Every structure is written in structure tokens, then in C-alpha cells.
file start32.cif (mmCIF, C-alpha atoms)
data_entry
loop_
_atom_site.label_atom_id
_atom_site.label_comp_id
_atom_site.auth_asym_id
_atom_site.auth_seq_id
_atom_site.Cartn_x
_atom_site.Cartn_y
_atom_site.Cartn_z
CA MET A 8 71.28 71.19 81.68
CA SER A 9 74.51 72.93 80.67
CA THR A 10 77.02 70.85 78.72
CA ARG A 11 79.86 73.24 79.47
CA PRO A 12 82.93 71.39 80.83
CA ALA A 13 83.69 71.84 84.53
CA ILE A 14 86.22 74.61 85.16
CA ALA A 15 88.52 74.93 88.16
CA VAL A 16 90.29 78.15 89.07
CA THR A 17 93.32 78.46 91.32
CA GLY A 18 94.59 81.72 92.77
CA SER A 19 91.12 83.22 93.26
CA THR A 20 92.33 84.98 96.43
CA GLY A 21 94.93 86.81 94.33
CA ALA A 22 94.89 89.52 91.69
CA VAL A 23 94.80 87.55 88.43
CA GLY A 24 92.91 84.48 89.63
CA GLY A 25 90.42 86.69 91.44
CA ARG A 26 89.67 88.62 88.27
CA VAL A 27 89.23 85.38 86.34
CA ALA A 28 86.88 83.93 88.97
CA ARG A 29 84.76 87.10 89.15
CA ASP A 30 84.51 87.33 85.37
CA LEU A 31 83.37 83.72 85.06
CA ALA A 32 80.84 84.24 87.86
CA ALA A 33 79.49 87.38 86.17
CA ARG A 34 78.91 85.28 83.05
CA GLY A 35 77.04 82.64 85.06
CA ILE A 36 79.74 80.01 84.52
CA PRO A 37 79.94 77.41 87.32
CA GLN A 38 83.47 76.97 88.63
CA ARG A 39 85.42 75.20 91.32
CA LEU A 40 87.69 77.47 93.36
CA LEU A 41 90.85 75.82 94.69
CA VAL A 42 92.29 77.74 97.62
CA ARG A 43 94.62 77.14 100.55
CA ASP A 44 92.42 79.04 103.00
CA ALA A 45 88.66 78.72 102.58
CA SER A 46 88.05 81.83 104.69
CA ARG A 47 89.75 83.97 102.05
CA ALA A 48 87.88 82.53 99.07
CA PRO A 49 85.65 84.98 97.20
CA ARG A 50 81.93 84.39 97.67
CA LEU A 51 80.71 84.00 94.13
CA ASP A 52 77.55 82.60 92.60
CA GLY A 53 78.41 79.25 91.07
CA GLY A 54 81.70 79.05 92.98
CA ASP A 55 82.31 75.71 94.70
CA VAL A 56 85.23 76.12 97.16
CA HIS A 57 87.75 73.34 97.76
CA VAL A 58 90.85 73.55 99.95
CA ALA A 59 93.90 72.20 98.12
CA GLY A 60 97.47 73.49 98.10
CA TYR A 61 99.80 72.63 95.25
CA SER A 62 101.99 70.43 97.45
CA ASP A 63 99.05 68.38 98.81
CA ARG A 64 98.52 65.75 96.15
CA ASP A 65 95.64 63.96 97.88
CA ALA A 66 93.69 67.17 98.44
CA ALA A 67 94.32 68.21 94.84
CA LEU A 68 93.06 64.84 93.58
CA ARG A 69 89.82 65.29 95.49
CA ALA A 70 89.40 68.90 94.45
CA LEU A 71 90.00 68.21 90.76
CA ASP A 72 87.73 65.20 90.46
CA GLY A 73 85.37 65.87 87.54
CA VAL A 74 87.23 68.97 86.38
CA GLU A 75 88.01 69.17 82.67
CA THR A 76 89.62 72.62 82.32
CA LEU A 77 91.98 74.07 84.93
CA PHE A 78 93.28 77.60 85.31
CA MET A 79 96.61 77.23 87.10
CA VAL A 80 98.14 80.38 88.50
CA SER A 81 101.82 79.94 89.30
CA ALA A 82 102.47 79.42 93.00
CA SER A 83 104.04 82.02 95.26
CA GLU A 84 107.77 82.39 94.77
CA SER A 85 109.77 79.89 96.81
CA ALA A 86 112.89 77.78 96.55
CA ASP A 87 110.78 74.65 95.95
CA ARG A 88 108.06 76.14 93.75
CA VAL A 89 108.81 73.83 90.81
CA GLU A 90 108.40 70.75 92.99
CA HIS A 91 105.02 72.04 94.17
CA HIS A 92 103.97 72.66 90.58
CA ARG A 93 105.01 69.16 89.54
CA THR A 94 103.03 67.60 92.38
CA PHE A 95 99.92 69.56 91.42
CA ILE A 96 100.29 68.83 87.70
CA ASP A 97 100.63 65.12 88.43
CA ALA A 98 97.48 65.25 90.57
CA ALA A 99 95.60 67.08 87.81
CA ALA A 100 96.55 64.50 85.21
CA THR A 101 95.64 61.64 87.53
CA ALA A 102 92.28 63.26 88.35
CA GLY A 103 91.41 63.40 84.64
CA VAL A 104 91.87 67.08 83.87
CA ARG A 105 92.04 67.49 80.11
CA HIS A 106 93.30 71.04 79.61
CA VAL A 107 95.45 73.34 81.77
CA VAL A 108 95.77 77.09 81.22
CA TYR A 109 98.97 78.15 83.00
CA THR A 110 100.35 81.61 83.83
CA SER A 111 103.97 81.37 82.74
CA PHE A 112 106.47 84.13 82.01
CA LEU A 113 107.73 85.83 78.85
CA ALA A 114 110.98 84.29 77.59
CA ALA A 115 110.68 81.37 80.00
CA ALA A 116 113.69 79.13 79.41
CA PRO A 117 116.11 76.98 81.42
CA ASP A 118 118.69 79.76 81.07
CA ALA A 119 116.37 82.78 81.34
CA VAL A 120 118.08 85.89 82.71
CA PHE A 121 115.15 86.40 85.10
CA THR A 122 115.86 83.50 87.41
CA LEU A 123 112.19 82.78 88.18
CA GLY A 124 111.63 82.40 84.44
CA ARG A 125 113.57 79.15 84.80
CA ASP A 126 110.90 77.87 87.22
CA HIS A 127 108.29 78.57 84.59
CA ALA A 128 110.28 76.73 81.93
CA ALA A 129 110.46 73.66 84.18
CA THR A 130 106.71 73.88 84.84
CA GLU A 131 105.98 74.16 81.12
CA GLU A 132 108.04 71.02 80.56
CA ALA A 133 106.09 69.20 83.29
CA LEU A 134 102.86 70.16 81.58
CA ARG A 135 104.10 68.90 78.22
CA ALA A 136 105.08 65.59 79.79
CA SER A 137 101.77 65.21 81.65
CA GLY A 138 99.65 64.12 78.71
CA MET A 139 97.19 66.96 79.30
CA ASP A 140 96.53 69.68 76.76
CA ALA A 141 97.94 73.03 77.80
CA THR A 142 97.77 76.70 76.92
CA LEU A 143 100.70 78.74 78.17
CA LEU A 144 100.12 82.40 78.98
CA ARG A 145 103.60 83.92 79.04
CA ASP A 146 103.02 87.19 80.88
CA ASN A 147 105.58 89.98 80.93
CA PHE A 148 106.12 91.94 84.15
CA TYR A 149 102.91 93.52 85.39
CA MET A 150 102.19 97.20 85.01
CA ASP A 151 100.49 96.86 88.38
CA MET A 152 103.85 96.40 90.12
CA MET A 153 105.76 99.35 88.73
CA GLU A 154 104.70 101.95 91.27
CA LEU A 155 105.61 99.52 94.04
CA PHE A 156 109.18 99.38 92.72
CA ALA A 157 109.71 103.00 93.76
CA GLY A 158 111.21 103.54 97.21
CA ASP A 159 110.12 106.11 99.75
CA ASP A 160 112.39 108.61 97.98
CA GLY A 161 110.55 108.12 94.69
CA ALA A 162 113.42 106.21 93.05
CA ILE A 163 113.15 102.96 91.10
CA ARG A 164 116.59 101.41 91.52
CA GLY A 165 118.06 98.50 89.62
CA PRO A 166 120.55 97.45 86.93
CA ALA A 167 118.14 97.76 83.99
CA GLY A 168 120.13 100.31 81.96
CA ASP A 169 118.34 101.39 78.80
CA GLY A 170 116.66 98.01 78.40
CA ARG A 171 112.99 97.95 77.48
CA CYS A 172 110.08 95.93 78.85
CA SER A 173 106.65 95.46 77.26
CA LEU A 174 104.69 95.61 80.52
CA VAL A 175 101.21 94.06 80.62
CA SER A 176 98.30 94.70 82.96
CA ARG A 177 96.91 91.97 85.17
CA ALA A 178 93.47 92.84 83.81
CA ASP A 179 94.60 91.95 80.27
CA VAL A 180 96.13 88.69 81.46
CA ALA A 181 92.90 87.75 83.23
CA ALA A 182 90.79 88.68 80.20
CA THR A 183 92.98 86.49 78.01
CA ALA A 184 92.67 83.59 80.44
CA VAL A 185 88.88 83.89 80.52
CA SER A 186 88.70 83.87 76.73
CA VAL A 187 90.69 80.64 76.65
CA LEU A 188 88.71 79.00 79.48
CA LEU A 189 85.39 79.72 77.78
CA ASP A 190 86.46 77.86 74.63
CA PRO A 191 89.72 75.99 75.23
CA ALA A 192 89.80 73.75 72.16
CA PRO A 193 91.15 76.36 69.67
CA HIS A 194 93.93 77.22 72.13
CA ARG A 195 95.18 73.67 72.63
CA GLY A 196 98.99 73.59 72.56
CA ARG A 197 99.28 77.34 72.04
CA VAL A 198 101.83 79.64 73.68
CA TYR A 199 100.75 83.27 74.01
CA ASP A 200 103.14 86.11 74.79
CA LEU A 201 101.09 88.59 76.80
CA THR A 202 102.47 92.11 76.59
CA GLY A 203 101.32 95.69 76.46
CA PRO A 204 101.34 97.70 73.21
CA GLU A 205 104.85 99.15 73.68
CA ALA A 206 108.18 98.47 75.34
CA LEU A 207 109.36 101.08 77.84
CA THR A 208 112.62 101.78 79.62
CA LEU A 209 112.35 102.16 83.38
CA ALA A 210 113.24 105.83 82.95
CA GLU A 211 110.15 106.17 80.73
CA VAL A 212 108.09 104.21 83.26
CA ALA A 213 109.18 106.66 85.98
CA ASP A 214 108.38 109.66 83.77
CA ARG A 215 104.89 108.41 83.00
CA ILE A 216 104.11 107.67 86.64
CA SER A 217 105.29 111.21 87.46
CA LEU A 218 103.11 112.70 84.74
CA VAL A 219 99.92 110.87 85.68
CA ARG A 220 100.32 110.96 89.45
CA GLY A 221 101.80 114.45 89.71
CA THR A 222 104.58 113.21 91.99
CA LYS A 223 108.23 112.92 91.04
CA VAL A 224 109.44 109.39 90.34
CA ARG A 225 112.87 108.73 88.85
CA PHE A 226 114.94 105.76 87.72
CA VAL A 227 118.39 105.16 89.21
CA ASP A 228 120.51 102.71 87.22
CA GLU A 229 122.49 100.62 89.71
CA THR A 230 125.35 98.28 88.95
CA VAL A 231 124.70 94.61 89.68
CA GLU A 232 126.99 94.86 92.70
CA GLU A 233 125.12 97.91 93.99
CA ALA A 234 121.79 96.12 93.49
CA TYR A 235 122.83 93.15 95.62
CA ALA A 236 124.28 95.42 98.27
CA SER A 237 121.20 97.63 98.48
CA ARG A 238 118.94 94.60 98.96
CA ALA A 239 121.15 92.65 101.35
CA ARG A 240 119.69 94.49 104.36
CA TYR A 241 116.42 92.59 103.95
CA GLY A 242 118.11 89.32 104.94
CA ALA A 243 116.45 87.39 102.11
CA PRO A 244 117.82 84.03 100.96
CA ARG A 245 120.16 84.02 97.97
CA TRP A 246 117.57 82.66 95.53
CA GLN A 247 115.29 85.59 96.33
CA LEU A 248 118.07 88.15 96.00
CA ASP A 249 118.89 86.64 92.61
CA ALA A 250 115.23 86.97 91.58
CA TRP A 251 115.01 90.60 92.70
CA VAL A 252 118.19 91.65 90.92
CA SER A 253 117.49 89.62 87.79
CA THR A 254 114.17 91.43 87.42
CA TYR A 255 116.31 94.38 86.27
CA THR A 256 119.08 92.51 84.47
CA ALA A 257 116.42 90.69 82.42
CA ILE A 258 115.13 94.08 81.26
CA ALA A 259 118.68 95.20 80.50
CA SER A 260 119.28 92.03 78.45
CA GLY A 261 116.53 92.82 75.95
CA GLU A 262 114.72 89.51 76.59
CA LEU A 263 111.57 91.30 77.69
CA ALA A 264 111.36 93.97 74.99
CA GLY A 265 109.26 92.11 72.45
CA VAL A 266 105.76 93.43 71.76
CA SER A 267 103.12 90.83 70.95
CA GLY A 268 99.63 91.07 69.51
CA ASP A 269 98.43 88.00 71.40
CA VAL A 270 96.21 89.82 73.92
CA GLU A 271 94.18 91.36 71.11
CA ALA A 272 94.23 88.16 69.05
CA VAL A 273 92.68 86.17 71.91
CA THR A 274 90.38 88.76 73.52
CA GLY A 275 89.44 90.83 70.48
CA ARG A 276 90.55 94.10 72.07
CA PRO A 277 93.93 95.82 72.30
CA PRO A 278 95.90 95.69 75.54
CA GLN A 279 96.08 98.67 77.87
CA SER A 280 98.93 101.12 77.49
CA PHE A 281 100.79 102.08 80.66
CA GLU A 282 99.15 105.53 80.67
CA GLU A 283 95.70 103.94 80.26
CA PHE A 284 96.44 101.60 83.14
CA LEU A 285 97.62 104.40 85.41
CA GLY A 286 94.60 106.50 84.52
CA ALA A 287 92.26 103.63 85.42
CA VAL A 288 93.88 102.96 88.80
CA SER A 289 93.64 105.66 91.46
#

call {"tool": "encode", "arguments": {"input": "start32.cif", "output": "C-alpha cells"}}
result
Amino acid sequence: MSTRPAIAVTGSTGAVGGRVARDLAARGIPQRLLVRDASRAPRLDGGDVHVAGYSDRDAALRALDGVETLFMVSASESADRVEHHRTFIDAAATAGVRHVVYTSFLAAAPDAVFTLGRDHAATEEALRASGMDATLLRDNFYMDMMELFAGDDGAIRGPAGDGRCSLVSRADVAATAVSVLLDPAPHRGRVYDLTGPEALTLAEVADRISLVRGTKVRFVDETVEEAYASRARYGAPRWQLDAWVSTYTAIASGELAGVSGDVEAVTGRPPQSFEEFLGAVS
């Protein structure tokens, strides 16, 4: 009989959590998949599906019973995301979870320029106060999102200036998470900054997309006022507008320019460059 601690994975219907769940399944590691909609859960060998949203404490208590190590993907962006995180963390601690691996954000702080980074700082604090061990994976912005930032006219618009960002691939984040989940003890209390191998301006991002894809993409540096005005037509609430615009002002601030060796230190292999990522994704 295996003595490996029980592992639970959240977010398995999404990009990062799905990669983690599939990797564990490929290794023959039993896992419990916590999802909000059982019909969307991946069908994996060794995957035991439980329905439990972050805001449903009773369901989370049932789903986490017997779990020792938990991979917690941050919830979808919302005005009350931190409260949902706190409810789930409290349920995990009460259920007896010993170690949480959480997807946070680079430079998470109460005064982070990227406004959603403040949510992550509050969640990190809740984890520290919970009594559980934690490993914090502070991901930078995902390489996977950069092409989606371009509008129909091929322009990436935002007030990022000449600021640099050390983009990381979701695949590297997932690989790091799996490495920690397989042997959590050495990673107890650690904070890992997960970045790519270089920091790029958005003009360089646009140039590299153009080169690899063979289609023209350009960066247009907006003012903050222009950025709010250009996004106002979507009718989004103020907190979401702030998040969208601060994606770019955080890059401009320099907070996201640091390059870390943590992906390689944990996984044993270097992180993907942006060109490598683009070449691997058709």
C-alpha cells in the first residue's frame, strides 16, 4: 500500500490546475479533484472528484477530509475573492490539511501596483495565520496571455512604457507545483518567484510575436487616462477596470522586471523563453 500523503488539486478545469492534475495522473499519483462543476472535471485515473467551491465551507470540509497536501489555485477574479479564499483556507485548516501550495503573484503586497496582487498578499497572510505549512508560488504574468492582449488591429495597448516583465509560462508554473506536491517537506515555508529567463518590454513582446507568427503586432503606449477611457466601453465595475489598467502600470513601475532562478531550482530544468513558448504553441 502506498504511504504517499493524500493530495487534493483545485482548478483542474483550468489551465494550470489541469496541467498539474494530468501530470500527477500520468505519474500514477492518486489525487482528489475539487471542482465547482463535476461535469467539467477531467476524467483521470486516480482522480476522485468532489464538488466544493471556495465559498462553501461545509462542502470544502467534506472534500478535504483526509487530505494532507493541497494545491490551491487562486479563485477567479472578483470583488470578494479574498473572502472566498479565507473561507476555503479556514475549511482546509479545520479539515486537517497540513500543507498548502498556493498560486500567488510576483511582488504580492498590500500596496502592490497591480491591484489584484493585493488580493494575493491578503491570501498569503491568511495562510500564514492558518497554522498550516505553505509554499507560495509567486507567478509573474503568463506568456500564454500575451497574444490575447492584442486587439483586432494587432495592437497591444496600455500604459506600460518601457517597463519590463519577466513573463512565465503556465507549463513552468504547473511543473514547479508538481515538483513541490511530490515532496512538499523541503519546500515548507518557501516563497518562489516564478519567472521566465528574461524581462521583456511590451514592445519586445509584440516584436517577438510578429516574428514567430508572421503577423504584425505592435505595442501602443497609452496614458493612464487613455487606458481607462478605452476600456470604459465594456461596462466593467471599477475594481475590474483598475485591475486591467494596473496590469500595465505594474509593468511600467518595474515591480515585475526581476528574473528568478526558482523554476530551475525546483524543477531541475530552465524555464521557457518567450520564443520557445511561442514556437511550442500553434

call {"tool": "resolve_selection", "arguments": {"input": "start32.cif", "expression": "the PyMOL selection byres ((chain A and resi 43) around 6)", "output": "PyMOL selection string"}}
result
chain A and resi 42+44+58-60

call {"tool": "atom_distance", "arguments": {"input": "start32.cif", "atom1": "CA of Ala141 in chain A", "atom2": "CA of Ala250 in chain A"}}
result
26.1 Å

call {"tool": "atom_distance", "arguments": {"input": "start32.cif", "atom1": "CA of Val227 in chain A", "atom2": "CA of Gly165 in chain A"}}
result
6.7 Å

call {"tool": "residues_around", "arguments": {"input": "start32.cif", "residues": "Leu174 in chain A", "least_positions_apart": "4", "cutoff": "10 Å", "atoms": "only C-alpha atoms", "output": "ChimeraX atom specification"}}
result
/A:146-153,201-207,212,263-266,279-281

call {"tool": "residues_around", "arguments": {"input": "start32.cif", "residues": "Thr208 in chain A", "least_positions_apart": "6", "cutoff": "10 Å", "atoms": "only C-alpha atoms", "output": "list in words"}}
result
Ala167, Gly168, Asp169, Gly170, Arg171, Cys172, Ser173, Asp214, Phe226, Ile258, Ala259 and Ala264 of chain A

call {"tool": "atom_distance", "arguments": {"input": "start32.cif", "atom1": "CA of Ala272 in chain A", "atom2": "CA of Ala115 in chain A"}}
result
20.9 Å

call {"tool": "resolve_selection", "arguments": {"input": "start32.cif", "expression": "the PyMOL selection byres ((chain A and resi 65-77) around 10)", "output": "PyMOL selection string"}}
result
chain A and resi 11-17+38-42+55-64+78-80+94-109+139-141+187-191

call {"tool": "residues_around", "arguments": {"input": "start32.cif", "residues": "Ala234 in chain A", "least_positions_apart": "6", "cutoff": "9 Å", "atoms": "all atoms listed in the file", "output": "PyMOL selection string"}}
result
chain A and resi 164-166+251-252

call {"tool": "decode", "arguments": {"input": "start32.cif", "residues": "range 234-246 of chain A", "atoms": "C-alpha atoms", "output": "mmCIF file, in the first residue's frame"}}
result
data_model
loop_
_atom_site.group_PDB
_atom_site.id
_atom_site.type_symbol
_atom_site.label_atom_id
_atom_site.label_comp_id
_atom_site.auth_asym_id
_atom_site.auth_seq_id
_atom_site.Cartn_x
_atom_site.Cartn_y
_atom_site.Cartn_z
ATOM 1 C CA ALA A 234 -6.341 53.299 -20.792
ATOM 2 C CA TYR A 235 -9.384 53.863 -18.581
ATOM 3 C CA ALA A 236 -11.243 55.573 -21.397
ATOM 4 C CA SER A 237 -10.524 52.825 -23.925
ATOM 5 C CA ARG A 238 -11.817 50.154 -21.542
ATOM 6 C CA ALA A 239 -14.848 52.022 -20.219
ATOM 7 C CA ARG A 240 -16.998 50.777 -23.114
ATOM 8 C CA TYR A 241 -17.013 47.282 -21.615
ATOM 9 C CA GLY A 242 -19.117 48.466 -18.673
ATOM 10 C CA ALA A 243 -16.966 46.611 -16.149
ATOM 11 C CA PRO A 244 -17.049 47.516 -12.447
ATOM 12 C CA ARG A 245 -14.388 49.885 -11.156
ATOM 13 C CA TRP A 246 -12.350 47.172 -9.410
#
